[in-house]
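See structure below.
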Amino acid sequence: MSNTLIRINGLSFKYDEESLNVLNNIHMQVCKGEWVSIVGHNGSGKSTLAKFLNGLLIPTQPNIVTVEDLDSYDEEIVWKVRNKVGMVFQNPDNQMVATTVRDDVAFGLENIGIKREEMLNRIDWAIQKVKMENYLEHEPHRLSGGQKQRVAIAGIIAMRPSVLILDEATSMLDPMGRKEVLDTVWKLNKEEGMTVINITHDLEETVLSDKIIVMNKGEISTYGSPKEVFAQGEKLVEAGLDLPFSLQIQQLIKEKGYNIPTACLTKKELVNELWRLQSKT
Ligand SMILES: Nc1ncnc2c1ncn2[C@@H]1O[C@H](COP(=O)(O)OP(=O)(O)OP(=O)(O)O)[C@@H](O)[C@H]1O
């Protein structure tokens, strides 16, 4: 069986006939268990691409967007695609639908008619995965932003999707909330093998991903591993993005005439490398 979960094969799209393409000949693949980051400036087409991935937008031809070999062009099966792709959005307040955390996580399961015993098992499992088991009877609107996003994630993973898409899901959170959410998703990816697509403006969030896709004006301007993508810093700047902190520091050190031979993506890597180099002198 193929390891490829999502295939996009030449996707172009405009919202209306008179306007320019919002997506231009996009080709990409996501493998099972991968963590893929999609980055790009405002309006580069990231959310539009995500809407094709979860069947909110439908291609005009077959074999353009497939999820686990299901072709979302086919109206008969697009609902299956929607069940395979779970999405967490930007605003935590828009994602809470019930009066308790437990009911919130149950909401999607009730909608698809999961039997009570199975539903209770799935809620227990999902709520533990996001570490919110002590809040089951709490009112969602009293939770912090990070906690709300974790409850939203529990509601989605309880539906057993094949892929979890975060559409700027941390952008309204403070640093602690952001860390809570990313740690939660990181564990789901590493321990449960959940495939993750993280759409973000924040390149710091991308350094530990398997693959980064950089979008610029509706096209994929570059993609590859973090090391490969960050080696093309100028393309990121062209796409209106800031390099991660550790690479900015490396750049400044280089401008002072001192070259650090290895690209360090995280602060820890940079400190270790500086330590190693100074120990040699
Ligand atoms: N429903 C819509 N109708 C018409 N145009 C739209 C619609 N949704 C988005 N657009 C336009 O499509 C382009 C791409 O928008 P999209 O939201 O996909 O970009 P994005 O990269 O996700 O941006 P951001 O980072 O600001 O969320 C923008 O020019 C936007 O104005």
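So you can find residues: chains in the structure tokens are A, B, ... in the order shown, residues in each start at 1, and ligands are numbered from 1 in order.
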
- Query: What residues have any atom no more than 10 Å from ligand 1 when counting only C-alpha atoms and all ligand atoms, and can you list them as a PyMOL selection string?
  - Reply: chain A and resi 13-16+19-23+38-51+90+167-168+199-201+215-218

- Can you pull out every residue within 10 Å of Lys211 (chain A), counting only C-alpha atoms, but drop anything in the same chain fewer than 6 positions away, and send it as an MDAnalysis selection string? chainID A and resid 30 34:38 197 223:229

Selected residues written out with C-alpha atoms, as an mmCIF file, in the first residue's frame:
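Output file selection-v6.cif follows:
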```
data_model
loop_
_atom_site.group_PDB
_atom_site.id
_atom_site.type_symbol
_atom_site.label_atom_id
_atom_site.label_comp_id
_atom_site.auth_asym_id
_atom_site.auth_seq_id
_atom_site.Cartn_x
_atom_site.Cartn_y
_atom_site.Cartn_z
ATOM 1 C CA VAL A 30 2.045 14.394 2.043
ATOM 2 C CA GLU A 34 4.653 13.330 8.247
ATOM 3 C CA TRP A 35 4.622 16.780 9.854
ATOM 4 C CA VAL A 36 4.378 19.277 7.003
ATOM 5 C CA SER A 37 4.490 23.047 7.508
ATOM 6 C CA ILE A 38 2.907 25.382 4.960
ATOM 7 C CA ILE A 197 -0.164 19.903 8.335
ATOM 8 C CA TYR A 223 9.829 23.077 -0.503
ATOM 9 C CA GLY A 224 12.007 20.509 1.248
ATOM 10 C CA SER A 225 13.401 19.682 4.663
ATOM 11 C CA PRO A 226 13.919 22.647 7.044
ATOM 12 C CA LYS A 227 17.674 22.587 6.340
ATOM 13 C CA GLU A 228 17.047 22.629 2.562
ATOM 14 C CA VAL A 229 14.462 25.403 2.755
#
```

- Return as a ChimeraX atom specification the full set of residues in region 132-266 of chain A whose backbone-based DSSP assignment is alpha helix (DSSP H). /A:145-157,175-192,226-230,233-238,245-255

Within 8 Å of region 91-95 of chain A, counting only C-alpha atoms, which residues qualify if same-chain residues fewer than 3 places away don't, as an mmCIF file with N, CA and C atoms, in the first residue's frame?
```
data_model
loop_
_atom_site.group_PDB
_atom_site.id
_atom_site.type_symbol
_atom_site.label_atom_id
_atom_site.label_comp_id
_atom_site.auth_asym_id
_atom_site.auth_seq_id
_atom_site.Cartn_x
_atom_site.Cartn_y
_atom_site.Cartn_z
ATOM 1 N N HIS A 141 -15.948 28.374 27.634
ATOM 2 C CA HIS A 141 -15.613 29.806 27.500
ATOM 3 C C HIS A 141 -14.753 30.315 28.656
ATOM 4 N N GLY A 145 -6.961 30.400 25.935
ATOM 5 C CA GLY A 145 -6.949 30.156 24.487
ATOM 6 C C GLY A 145 -6.292 28.831 24.139
ATOM 7 N N GLY A 146 -5.143 28.551 24.782
ATOM 8 C CA GLY A 146 -4.427 27.302 24.503
ATOM 9 C C GLY A 146 -5.261 26.087 24.890
ATOM 10 N N LYS A 148 -8.539 25.989 25.021
ATOM 11 C CA LYS A 148 -9.652 25.859 24.053
ATOM 12 C C LYS A 148 -9.174 25.150 22.787
ATOM 13 N N GLN A 149 -7.978 25.520 22.317
ATOM 14 C CA GLN A 149 -7.471 24.866 21.103
ATOM 15 C C GLN A 149 -7.218 23.377 21.362
ATOM 16 N N ALA A 152 -10.465 21.722 21.145
ATOM 17 C CA ALA A 152 -10.843 21.611 19.718
ATOM 18 C C ALA A 152 -10.106 20.424 19.079
ATOM 19 N N ALA A 169 -3.497 27.946 13.840
ATOM 20 C CA ALA A 169 -4.201 27.639 15.100
ATOM 21 C C ALA A 169 -3.510 28.205 16.323
ATOM 22 N N MET A 172 -3.347 33.275 17.555
ATOM 23 C CA MET A 172 -4.002 34.175 18.513
ATOM 24 C C MET A 172 -3.609 33.844 19.958
#
```

- Query: Running DSSP on the backbone, which parts of region 73-194 of chain A land in strand (DSSP E or B), as a ChimeraX atom specification?
  - Reply: /A:85-88,163-167
